[in-house]
>>> print(open('final_5.txt').read())   # compact mmCIF, C-alpha atoms
# COMPACT_ATOMS: atom_id res chain seq x y z
CA MET A 1 20.72 7.18 -0.65
CA ILE A 2 18.65 4.41 -2.19
CA THR A 3 18.49 1.13 -0.28
CA ILE A 4 16.87 -1.83 -2.02
CA ARG A 5 14.90 -4.48 -0.12
CA LYS A 6 14.43 -7.43 -2.45
CA ALA A 7 11.17 -9.34 -2.52
CA ARG A 8 12.93 -12.58 -1.53
CA ASP A 9 14.20 -10.97 1.69
CA ARG A 10 10.74 -10.21 3.05
CA GLY A 11 9.21 -12.24 5.87
CA PRO A 12 6.93 -15.06 4.64
CA SER A 13 3.76 -16.30 6.33
CA ASN A 14 1.37 -19.06 5.22
CA LEU A 15 -1.78 -19.92 7.14
CA GLY A 16 -3.27 -22.05 4.39
CA TRP A 17 -6.09 -19.64 3.59
CA LEU A 18 -3.71 -16.65 3.68
CA SER A 19 -0.21 -16.35 2.26
CA SER A 20 1.71 -13.14 2.92
CA GLN A 21 5.05 -11.48 2.41
CA HIS A 22 5.88 -8.89 5.06
CA THR A 23 8.14 -5.98 4.11
CA PHE A 24 8.40 -5.02 7.79
CA SER A 25 8.10 -6.95 11.06
CA PHE A 26 4.56 -8.22 11.52
CA GLY A 27 2.89 -11.00 13.48
CA ASN A 28 5.28 -13.92 13.92
CA TYR A 29 7.85 -12.34 11.61
CA TYR A 30 10.31 -10.20 13.55
CA ASP A 31 13.30 -8.39 12.07
CA GLU A 32 14.81 -5.61 14.17
CA GLN A 33 16.42 -4.18 11.03
CA HIS A 34 13.03 -3.74 9.34
CA MET A 35 10.53 -2.37 11.83
CA GLY A 36 9.10 0.21 9.43
CA PHE A 37 10.20 3.34 7.61
CA GLN A 38 9.42 6.75 9.06
CA THR A 39 5.67 6.61 9.87
CA LEU A 40 5.15 3.66 7.49
CA ARG A 41 4.72 0.61 9.69
CA VAL A 42 3.33 -2.23 7.53
CA ILE A 43 3.31 -3.39 3.91
CA ASN A 44 1.80 -6.87 3.73
CA ASP A 45 1.50 -8.47 0.29
CA ASP A 46 -1.53 -10.71 0.92
CA HIS A 47 -3.18 -13.51 -1.06
CA VAL A 48 -6.49 -14.85 0.32
CA ILE A 49 -7.99 -18.02 -1.16
CA LYS A 50 -11.60 -18.16 -2.35
CA GLY A 51 -14.24 -18.24 0.37
CA ALA A 52 -11.89 -17.24 3.21
CA GLY A 53 -10.86 -14.11 5.03
CA PHE A 54 -10.05 -12.21 8.20
CA GLY A 55 -12.68 -12.59 10.92
CA THR A 56 -13.86 -9.63 12.96
CA HIS A 57 -10.91 -8.07 14.78
CA PRO A 58 -10.10 -4.70 16.40
CA HIS A 59 -7.84 -1.79 15.47
CA SER A 60 -7.15 1.57 17.09
CA ASN A 61 -4.86 4.53 16.38
CA MET A 62 -3.66 3.27 13.03
CA GLU A 63 -4.17 4.48 9.45
CA ILE A 64 -4.92 1.38 7.36
CA ILE A 65 -4.87 1.35 3.56
CA SER A 66 -5.99 -1.62 1.48
CA TYR A 67 -5.18 -1.61 -2.24
CA VAL A 68 -6.66 -4.45 -4.28
CA LEU A 69 -4.44 -5.69 -7.12
CA ASP A 70 -6.59 -8.63 -8.26
CA GLY A 71 -9.96 -10.00 -7.21
CA SER A 72 -12.39 -8.46 -4.71
CA LEU A 73 -12.40 -8.04 -0.94
CA GLU A 74 -15.57 -7.70 1.12
CA HIS A 75 -15.41 -5.33 4.09
CA LYS A 76 -17.69 -4.89 7.12
CA ASP A 77 -17.03 -2.76 10.20
CA SER A 78 -18.51 -1.56 13.48
CA MET A 79 -19.26 1.86 11.96
CA GLY A 80 -21.90 0.21 9.80
CA ASN A 81 -19.91 0.20 6.57
CA GLY A 82 -20.30 -2.76 4.26
CA SER A 83 -18.75 -2.79 0.82
CA VAL A 84 -16.76 -4.76 -1.72
CA ILE A 85 -13.33 -3.43 -2.68
CA ASN A 86 -12.55 -4.36 -6.28
CA LYS A 87 -9.37 -4.34 -8.34
CA GLY A 88 -8.02 -0.80 -8.61
CA GLU A 89 -9.85 0.45 -5.53
CA VAL A 90 -8.20 1.99 -2.49
CA GLN A 91 -9.77 1.73 0.96
CA LEU A 92 -8.67 3.95 3.84
CA LEU A 93 -9.65 3.20 7.42
CA SER A 94 -8.67 5.69 10.13
CA ALA A 95 -9.12 3.51 13.20
CA GLY A 96 -8.77 6.33 15.74
CA THR A 97 -10.43 5.57 19.08
CA GLY A 98 -11.20 2.04 17.93
CA ILE A 99 -13.17 -0.05 15.46
CA THR A 100 -13.72 -3.70 14.60
CA HIS A 101 -13.88 -4.99 11.05
CA SER A 102 -13.69 -8.09 8.88
CA GLU A 103 -12.30 -8.70 5.39
CA TYR A 104 -13.47 -11.61 3.29
CA ASN A 105 -12.92 -13.02 -0.18
CA HIS A 106 -16.48 -13.79 -1.21
CA SER A 107 -15.48 -15.20 -4.62
CA LYS A 108 -16.21 -18.87 -5.28
CA SER A 109 -13.47 -19.17 -7.89
CA GLU A 110 -10.71 -16.57 -7.48
CA GLU A 111 -8.21 -15.57 -4.83
CA VAL A 112 -7.83 -11.93 -3.88
CA HIS A 113 -4.44 -10.24 -3.99
CA PHE A 114 -4.12 -6.99 -2.08
CA LEU A 115 -1.66 -4.82 -0.23
CA GLN A 116 -2.32 -4.04 3.42
CA ILE A 117 -0.52 -0.83 4.40
CA TRP A 118 -0.38 0.76 7.87
CA PHE A 119 0.77 4.21 8.93
CA VAL A 120 1.18 5.49 12.46
CA PRO A 121 -1.33 8.36 12.76
CA LYS A 122 -0.41 12.01 13.16
CA GLU A 123 -3.16 12.61 15.72
CA LEU A 124 -4.26 10.00 18.25
CA ASP A 125 -7.79 9.14 19.32
CA ILE A 126 -9.63 10.79 16.45
CA VAL A 127 -13.17 9.77 15.53
CA PRO A 128 -12.85 6.73 13.22
CA THR A 129 -13.56 7.29 9.52
CA TYR A 130 -13.87 5.15 6.41
CA SER A 131 -13.40 5.98 2.73
CA GLN A 132 -13.05 4.07 -0.53
CA LYS A 133 -12.43 5.06 -4.13
CA TYR A 134 -11.75 3.50 -7.51
CA PHE A 135 -8.82 4.83 -9.55
CA GLY A 136 -9.07 3.72 -13.18
CA ARG A 137 -6.24 2.39 -15.28
CA GLU A 138 -6.30 5.46 -17.50
CA GLU A 139 -5.60 7.66 -14.45
CA LYS A 140 -2.42 5.73 -13.65
CA GLN A 141 -1.08 4.71 -17.06
CA GLY A 142 2.23 6.44 -17.73
CA LYS A 143 1.72 8.96 -14.92
CA LEU A 144 1.66 9.24 -11.16
CA ARG A 145 -1.84 9.30 -9.69
CA LEU A 146 -2.20 10.70 -6.18
CA VAL A 147 -4.53 8.31 -4.32
CA VAL A 148 -3.94 9.24 -0.65
CA SER A 149 -2.90 12.58 0.88
CA PRO A 150 -3.31 14.50 4.16
CA ASP A 151 -5.64 17.07 2.58
CA GLY A 152 -7.56 14.93 0.10
CA ARG A 153 -6.40 17.05 -2.83
CA GLU A 154 -6.88 16.05 -6.46
CA GLY A 155 -9.64 13.65 -5.51
CA SER A 156 -7.44 11.51 -3.26
CA LEU A 157 -8.49 9.89 0.02
CA SER A 158 -7.62 11.88 3.14
CA ILE A 159 -5.25 10.31 5.68
CA ASN A 160 -4.38 11.35 9.24
CA GLN A 161 -0.65 11.58 8.49
CA ASN A 162 1.69 13.73 6.40
CA VAL A 163 2.14 11.27 3.54
CA ASP A 164 1.28 11.23 -0.16
CA MET A 165 0.66 7.88 -1.85
CA PHE A 166 1.03 7.69 -5.63
CA VAL A 167 0.33 4.80 -8.01
CA CYS A 168 1.69 4.50 -11.56
CA LEU A 169 1.36 1.91 -14.32
CA LEU A 170 4.40 1.89 -16.59
CA ASP A 171 4.99 -0.18 -19.69
CA GLY A 172 7.21 0.45 -22.71
CA ILE A 173 9.04 3.66 -23.46
CA ASP A 174 7.23 5.98 -21.03
CA THR A 175 9.27 7.74 -18.36
CA VAL A 176 7.90 9.06 -15.08
CA GLU A 177 9.67 11.47 -12.72
CA HIS A 178 8.90 12.18 -9.08
CA ILE A 179 10.46 15.13 -7.27
CA LEU A 180 10.98 14.93 -3.52
CA SER A 181 10.81 18.26 -1.75
CA ASP A 182 13.44 19.23 0.79
CA LYS A 183 13.91 16.73 3.65
CA ARG A 184 11.05 14.44 2.58
CA LYS A 185 11.78 10.73 2.28
CA ALA A 186 10.08 7.99 0.30
CA TRP A 187 9.43 4.29 0.17
CA VAL A 188 8.85 2.69 -3.22
CA HIS A 189 7.05 -0.64 -3.61
CA ILE A 190 6.73 -2.55 -6.88
CA ALA A 191 3.35 -4.27 -6.87
CA ARG A 192 3.86 -6.12 -10.18
CA GLY A 193 6.15 -6.27 -13.20
CA GLU A 194 9.56 -4.64 -13.32
CA VAL A 195 11.03 -1.20 -13.87
CA GLN A 196 14.29 0.75 -13.75
CA MET A 197 14.42 3.37 -10.98
CA ASN A 198 17.48 5.64 -11.06
CA ASN A 199 19.31 2.79 -12.83
CA HIS A 200 18.27 0.19 -10.24
CA LEU A 201 16.25 -2.75 -11.55
CA LEU A 202 13.20 -3.32 -9.35
CA GLN A 203 10.87 -6.29 -9.73
CA ALA A 204 7.54 -7.38 -8.26
CA GLY A 205 7.66 -7.34 -4.47
CA ASP A 206 10.86 -5.28 -4.26
CA GLY A 207 10.95 -2.17 -2.12
CA ALA A 208 13.35 0.73 -1.74
CA SER A 209 13.92 3.37 0.90
CA ILE A 210 14.77 6.82 -0.45
CA ASP A 211 16.73 9.23 1.74
CA ASP A 212 18.49 12.44 0.68
CA VAL A 213 17.57 11.93 -2.99
CA SER A 214 15.93 14.83 -4.82
CA SER A 215 14.25 12.99 -7.70
CA LEU A 216 13.21 9.52 -8.84
CA SER A 217 13.16 8.48 -12.49
CA PHE A 218 11.23 5.39 -13.63
CA THR A 219 11.99 3.94 -17.07
CA GLU A 220 11.83 0.67 -19.02
CA GLY A 221 8.66 -0.53 -17.36
CA HIS A 222 7.40 -4.00 -18.17
CA ASP A 223 3.79 -4.31 -16.94
CA ALA A 224 4.98 -2.39 -13.87
CA GLU A 225 2.74 -1.11 -11.11
CA ILE A 226 4.67 1.31 -8.92
CA ILE A 227 3.64 2.69 -5.54
CA ILE A 228 5.41 5.67 -4.00
CA PHE A 229 4.94 6.79 -0.40
CA ASP A 230 6.25 10.37 -0.13
CA ILE A 231 6.66 10.91 3.62
CA ALA A 232 7.38 13.96 5.76
CA PRO A 233 10.41 13.69 8.08
>>> encode(input="final_5.txt", output="structure tokens")
Amino acid sequence: MITIRKARDRGPSNLGWLSSQHTFSFGNYYDEQHMGFQTLRVINDDHVIKGAGFGTHPHSNMEIISYVLDGSLEHKDSMGNGSVINKGEVQLLSAGTGITHSEYNHSKSEEVHFLQIWFVPKELDIVPTYSQKYFGREEKQGKLRLVVSPDGREGSLSINQNVDMFVCLLDGIDTVEHILSDKRKAWVHIARGEVQMNNHLLQAGDGASIDDVSSLSFTEGHDAEIIIFDIAP
């Protein structure tokens, strides 16, 4: 079964410096019908204005992925990490026993657009870890690029959960297929553009839960950026 969640049905939030669309319940947005999907707890589609950001705040026992779509995001944390996450980069923070961090748009002219993604961890109270990697356009154009996995295979970032995250850029006549192994489920998020998935038209911000479907076919992409979370039951 494929269940579409349209972009317009997400929960909006606007703090002036931060505008967000929440796929699942988050902060002041509560929807008992959309509390998450399997171990996927959060997909926040965030826009941060120039010179603003999230002040230092704590996390524990959560797997946090940031994927920058446009602009750059500066990161600092209590583990001593300090870096800038640029367009096309994926950051993975395993909060474990607890960390504090901040995220800031240091640009004087551009907003930053990124996805904030949370997974409930497989193991609790692990030692916190941090990783970051750039995945170039050529790695994702017309094909699925594994960017996050439980075992770090194929040069992906390693997450404390049984989930594979793929990213694909699709435009024109290319077709991409993704096979779901027995009993695994998936969530698909369209970060930009539009694409046909199993004859469903999906546009920027749309999501879809995938249950008891063996394969996904993506066609007719128009500047589409597709994210697939392939999740163990």
>>> residues_around(input="final_5.txt", residues="Val42 (chain A)", least_positions_apart="3", cutoff="6 Å", atoms="only C-alpha atoms", output="list in words")
Phe24, Ile117 and Trp118 of chain A
>>> atom_distance(input="final_5.txt", atom1="CA of Val68 (chain A)", atom2="CA of Asp125 (chain A)")
27.3 Å
>>> closest_residue(input="final_5.txt", among="A:Asn14, A:Asp174, A:Asp70, A:Phe229", to="Arg192 (chain A)", atoms="all atoms listed in the file")
A:Asp70
>>> closest_atom_pairs(input="final_5.txt", of="region 110-168 of chain A", to="region 90-106 of chain A", cutoff="7 Å", atoms="all atoms listed in the file", output="JSON lines")
{"residue": "A:Val112", "atom": "CA", "partner": "A:Asn105", "partner_atom": "CA", "distance": 6.4}
{"residue": "A:Leu124", "atom": "CA", "partner": "A:Gly96", "partner_atom": "CA", "distance": 6.3}
{"residue": "A:Asp125", "atom": "CA", "partner": "A:Thr97", "partner_atom": "CA", "distance": 4.4}
{"residue": "A:Ile126", "atom": "CA", "partner": "A:Gly96", "partner_atom": "CA", "distance": 4.6}
{"residue": "A:Val127", "atom": "CA", "partner": "A:Gly96", "partner_atom": "CA", "distance": 5.6}
{"residue": "A:Pro128", "atom": "CA", "partner": "A:Gly96", "partner_atom": "CA", "distance": 4.8}
{"residue": "A:Thr129", "atom": "CA", "partner": "A:Ser94", "partner_atom": "CA", "distance": 5.2}
{"residue": "A:Tyr130", "atom": "CA", "partner": "A:Leu93", "partner_atom": "CA", "distance": 4.8}
{"residue": "A:Ser131", "atom": "CA", "partner": "A:Leu92", "partner_atom": "CA", "distance": 5.3}
{"residue": "A:Gln132", "atom": "CA", "partner": "A:Gln91", "partner_atom": "CA", "distance": 4.3}
{"residue": "A:Lys133", "atom": "CA", "partner": "A:Val90", "partner_atom": "CA", "distance": 5.5}
{"residue": "A:Tyr134", "atom": "CA", "partner": "A:Val90", "partner_atom": "CA", "distance": 6.3}
>>> residues_around(input="final_5.txt", residues="Arg10 (chain A)", least_positions_apart="2", cutoff="10 Å", atoms="all atoms listed in the file", output="list of chain:residue names")
A:Arg5, A:Lys6, A:Ala7, A:Arg8, A:Pro12, A:Ser13, A:Ser20, A:Gln21, A:His22, A:Thr23, A:Phe24, A:Ser25, A:Tyr29, A:Asp31, A:His34, A:Asn44, A:Asp45, A:Gly205, A:Asp206, A:Gly207
>>> residues_around(input="final_5.txt", residues="Lys140 (chain A)", least_positions_apart="5", cutoff="10 Å", atoms="only C-alpha atoms", output="MDAnalysis selection string")
chainID A and resid 88 135 145:147 166:170 225:226
>>> residues_around(input="final_5.txt", residues="region 196-198 of chain A", least_positions_apart="3", cutoff="10 Å", atoms="all atoms listed in the file", output="NGL selection string")
:A and (2 or 175-177 or 188 or 201-203 or 208 or 215-222 or 224)
>>> write_last_selection(input="final_5.txt", atoms="C-alpha atoms", output="mmCIF file, in the frame of the given file")
data_model
loop_
_atom_site.group_PDB
_atom_site.id
_atom_site.type_symbol
_atom_site.label_atom_id
_atom_site.label_comp_id
_atom_site.auth_asym_id
_atom_site.auth_seq_id
_atom_site.Cartn_x
_atom_site.Cartn_y
_atom_site.Cartn_z
ATOM 1 C CA ILE A 2 18.650 4.410 -2.190
ATOM 2 C CA THR A 175 9.270 7.740 -18.360
ATOM 3 C CA VAL A 176 7.900 9.060 -15.080
ATOM 4 C CA GLU A 177 9.670 11.470 -12.720
ATOM 5 C CA VAL A 188 8.850 2.690 -3.220
ATOM 6 C CA LEU A 201 16.250 -2.750 -11.550
ATOM 7 C CA LEU A 202 13.200 -3.320 -9.350
ATOM 8 C CA GLN A 203 10.870 -6.290 -9.730
ATOM 9 C CA ALA A 208 13.350 0.730 -1.740
ATOM 10 C CA SER A 215 14.250 12.990 -7.700
ATOM 11 C CA LEU A 216 13.210 9.520 -8.840
ATOM 12 C CA SER A 217 13.160 8.480 -12.490
ATOM 13 C CA PHE A 218 11.230 5.390 -13.630
ATOM 14 C CA THR A 219 11.990 3.940 -17.070
ATOM 15 C CA GLU A 220 11.830 0.670 -19.020
ATOM 16 C CA GLY A 221 8.660 -0.530 -17.360
ATOM 17 C CA HIS A 222 7.400 -4.000 -18.170
ATOM 18 C CA ALA A 224 4.980 -2.390 -13.870
#
>>> atom_distance(input="final_5.txt", atom1="CA of Asn61 (chain A)", atom2="CA of Phe119 (chain A)")
9.3 Å
>>> residues_around(input="final_5.txt", residues="Ser158 (chain A)", least_positions_apart="2", cutoff="9 Å", atoms="all atoms listed in the file", output="count of residues only")
12
>>> closest_residue(input="final_5.txt", among="A:Thr39, A:Arg137, A:Glu89, A:Lys143", to="Pro233 (chain A)", atoms="only C-alpha atoms")
A:Thr39
>>> closest_residue(input="final_5.txt", among="A:Ser109, A:Ser181, A:Gln141, A:Asn162", to="Val213 (chain A)", atoms="all atoms listed in the file")
A:Ser181
>>> residues_near_point(input="final_5.txt", point="(-8.6, -16.8, 3.2)", cutoff="10 Å", atoms="all atoms listed in the file", output="JSON, numbers by chain")
{"A": [15, 16, 17, 18, 19, 46, 47, 48, 49, 50, 51, 52, 53, 54, 55, 103, 104, 105, 106, 111, 112]}
>>> decode(input="final_5.txt", residues="region 76-110 of chain A", atoms="N, CA and C atoms", output="PDB file, in the first residue's frame")
ATOM      1  N   LYS A  76      28.298  23.438  15.717  1.00  0.00           N
ATOM      2  CA  LYS A  76      29.238  23.316  16.824  1.00  0.00           C
ATOM      3  C   LYS A  76      28.597  22.426  17.883  1.00  0.00           C
ATOM      4  N   ASP A  77      29.392  21.581  18.538  1.00  0.00           N
ATOM      5  CA  ASP A  77      28.818  20.709  19.558  1.00  0.00           C
ATOM      6  C   ASP A  77      29.756  20.506  20.734  1.00  0.00           C
ATOM      7  N   SER A  78      29.225  19.875  21.766  1.00  0.00           N
ATOM      8  CA  SER A  78      29.969  19.671  23.014  1.00  0.00           C
ATOM      9  C   SER A  78      31.031  18.602  22.903  1.00  0.00           C
ATOM     10  N   MET A  79      31.099  17.903  21.770  1.00  0.00           N
ATOM     11  CA  MET A  79      32.173  16.940  21.535  1.00  0.00           C
ATOM     12  C   MET A  79      33.407  17.614  20.935  1.00  0.00           C
ATOM     13  N   GLY A  80      33.287  18.911  20.676  1.00  0.00           N
ATOM     14  CA  GLY A  80      34.411  19.649  20.109  1.00  0.00           C
ATOM     15  C   GLY A  80      34.380  19.767  18.606  1.00  0.00           C
ATOM     16  N   ASN A  81      33.315  19.286  17.973  1.00  0.00           N
ATOM     17  CA  ASN A  81      33.199  19.400  16.522  1.00  0.00           C
ATOM     18  C   ASN A  81      32.737  20.792  16.121  1.00  0.00           C
ATOM     19  N   GLY A  82      33.345  21.322  15.095  1.00  0.00           N
ATOM     20  CA  GLY A  82      32.937  22.587  14.518  1.00  0.00           C
ATOM     21  C   GLY A  82      33.141  22.507  13.019  1.00  0.00           C
ATOM     22  N   SER A  83      32.068  22.682  12.262  1.00  0.00           N
ATOM     23  CA  SER A  83      32.176  22.528  10.820  1.00  0.00           C
ATOM     24  C   SER A  83      31.065  23.310  10.134  1.00  0.00           C
ATOM     25  N   VAL A  84      31.185  23.431   8.819  1.00  0.00           N
ATOM     26  CA  VAL A  84      30.135  24.015   8.000  1.00  0.00           C
ATOM     27  C   VAL A  84      29.616  22.923   7.074  1.00  0.00           C
ATOM     28  N   ILE A  85      28.308  22.736   7.059  1.00  0.00           N
ATOM     29  CA  ILE A  85      27.667  21.729   6.227  1.00  0.00           C
ATOM     30  C   ILE A  85      27.129  22.446   4.996  1.00  0.00           C
ATOM     31  N   ASN A  86      27.671  22.106   3.837  1.00  0.00           N
ATOM     32  CA  ASN A  86      27.309  22.788   2.597  1.00  0.00           C
ATOM     33  C   ASN A  86      26.291  21.981   1.797  1.00  0.00           C
ATOM     34  N   LYS A  87      25.772  22.604   0.759  1.00  0.00           N
ATOM     35  CA  LYS A  87      24.806  21.951  -0.124  1.00  0.00           C
ATOM     36  C   LYS A  87      25.343  20.600  -0.593  1.00  0.00           C
ATOM     37  N   GLY A  88      24.516  19.570  -0.462  1.00  0.00           N
ATOM     38  CA  GLY A  88      24.902  18.231  -0.876  1.00  0.00           C
ATOM     39  C   GLY A  88      25.555  17.415   0.220  1.00  0.00           C
ATOM     40  N   GLU A  89      25.797  18.019   1.378  1.00  0.00           N
ATOM     41  CA  GLU A  89      26.427  17.294   2.475  1.00  0.00           C
ATOM     42  C   GLU A  89      25.381  16.714   3.424  1.00  0.00           C
ATOM     43  N   VAL A  90      25.729  15.572   3.988  1.00  0.00           N
ATOM     44  CA  VAL A  90      24.896  14.905   4.982  1.00  0.00           C
ATOM     45  C   VAL A  90      25.666  14.886   6.301  1.00  0.00           C
ATOM     46  N   GLN A  91      24.998  15.299   7.358  1.00  0.00           N
ATOM     47  CA  GLN A  91      25.568  15.239   8.704  1.00  0.00           C
ATOM     48  C   GLN A  91      24.769  14.237   9.521  1.00  0.00           C
ATOM     49  N   LEU A  92      25.468  13.415  10.279  1.00  0.00           N
ATOM     50  CA  LEU A  92      24.811  12.433  11.142  1.00  0.00           C
ATOM     51  C   LEU A  92      25.333  12.578  12.558  1.00  0.00           C
ATOM     52  N   LEU A  93      24.430  12.834  13.475  1.00  0.00           N
ATOM     53  CA  LEU A  93      24.757  13.006  14.884  1.00  0.00           C
ATOM     54  C   LEU A  93      24.035  11.928  15.683  1.00  0.00           C
ATOM     55  N   SER A  94      24.808  11.008  16.271  1.00  0.00           N
ATOM     56  CA  SER A  94      24.236  10.004  17.176  1.00  0.00           C
ATOM     57  C   SER A  94      24.345  10.562  18.591  1.00  0.00           C
ATOM     58  N   ALA A  95      23.231  11.041  19.123  1.00  0.00           N
ATOM     59  CA  ALA A  95      23.273  11.796  20.376  1.00  0.00           C
ATOM     60  C   ALA A  95      23.558  10.924  21.591  1.00  0.00           C
ATOM     61  N   GLY A  96      23.147   9.661  21.553  1.00  0.00           N
ATOM     62  CA  GLY A  96      23.485   8.717  22.617  1.00  0.00           C
ATOM     63  C   GLY A  96      23.221   9.241  24.019  1.00  0.00           C
ATOM     64  N   THR A  97      24.237   9.181  24.873  1.00  0.00           N
ATOM     65  CA  THR A  97      24.090   9.563  26.278  1.00  0.00           C
ATOM     66  C   THR A  97      23.854  11.052  26.481  1.00  0.00           C
ATOM     67  N   GLY A  98      24.066  11.847  25.434  1.00  0.00           N
ATOM     68  CA  GLY A  98      23.738  13.264  25.521  1.00  0.00           C
ATOM     69  C   GLY A  98      24.811  14.181  24.975  1.00  0.00           C
ATOM     70  N   ILE A  99      24.368  15.166  24.193  1.00  0.00           N
ATOM     71  CA  ILE A  99      25.259  16.200  23.669  1.00  0.00           C
ATOM     72  C   ILE A  99      24.491  17.522  23.660  1.00  0.00           C
ATOM     73  N   THR A 100      25.224  18.617  23.490  1.00  0.00           N
ATOM     74  CA  THR A 100      24.605  19.894  23.148  1.00  0.00           C
ATOM     75  C   THR A 100      25.216  20.353  21.831  1.00  0.00           C
ATOM     76  N   HIS A 101      24.431  21.082  21.049  1.00  0.00           N
ATOM     77  CA  HIS A 101      24.970  21.607  19.794  1.00  0.00           C
ATOM     78  C   HIS A 101      24.190  22.836  19.362  1.00  0.00           C
ATOM     79  N   SER A 102      24.749  23.555  18.398  1.00  0.00           N
ATOM     80  CA  SER A 102      24.095  24.711  17.802  1.00  0.00           C
ATOM     81  C   SER A 102      24.221  24.610  16.287  1.00  0.00           C
ATOM     82  N   GLU A 103      23.285  25.237  15.584  1.00  0.00           N
ATOM     83  CA  GLU A 103      23.283  25.255  14.122  1.00  0.00           C
ATOM     84  C   GLU A 103      22.962  26.679  13.686  1.00  0.00           C
ATOM     85  N   TYR A 104      23.782  27.208  12.790  1.00  0.00           N
ATOM     86  CA  TYR A 104      23.704  28.634  12.493  1.00  0.00           C
ATOM     87  C   TYR A 104      23.944  28.889  11.017  1.00  0.00           C
ATOM     88  N   ASN A 105      23.142  29.770  10.435  1.00  0.00           N
ATOM     89  CA  ASN A 105      23.357  30.199   9.064  1.00  0.00           C
ATOM     90  C   ASN A 105      24.286  31.410   9.094  1.00  0.00           C
ATOM     91  N   HIS A 106      25.545  31.187   8.796  1.00  0.00           N
ATOM     92  CA  HIS A 106      26.526  32.260   8.902  1.00  0.00           C
ATOM     93  C   HIS A 106      26.560  33.165   7.674  1.00  0.00           C
ATOM     94  N   SER A 107      25.771  32.869   6.653  1.00  0.00           N
ATOM     95  CA  SER A 107      25.766  33.673   5.437  1.00  0.00           C
ATOM     96  C   SER A 107      25.188  35.069   5.714  1.00  0.00           C
ATOM     97  N   LYS A 108      25.734  36.061   5.035  1.00  0.00           N
ATOM     98  CA  LYS A 108      25.235  37.430   5.145  1.00  0.00           C
ATOM     99  C   LYS A 108      24.235  37.756   4.043  1.00  0.00           C
ATOM    100  N   SER A 109      23.987  36.798   3.144  1.00  0.00           N
ATOM    101  CA  SER A 109      23.125  37.107   2.007  1.00  0.00           C
ATOM    102  C   SER A 109      22.108  36.029   1.653  1.00  0.00           C
ATOM    103  N   GLU A 110      22.320  34.783   2.086  1.00  0.00           N
ATOM    104  CA  GLU A 110      21.460  33.693   1.652  1.00  0.00           C
ATOM    105  C   GLU A 110      20.841  32.948   2.830  1.00  0.00           C
TER     106      GLU A 110
END
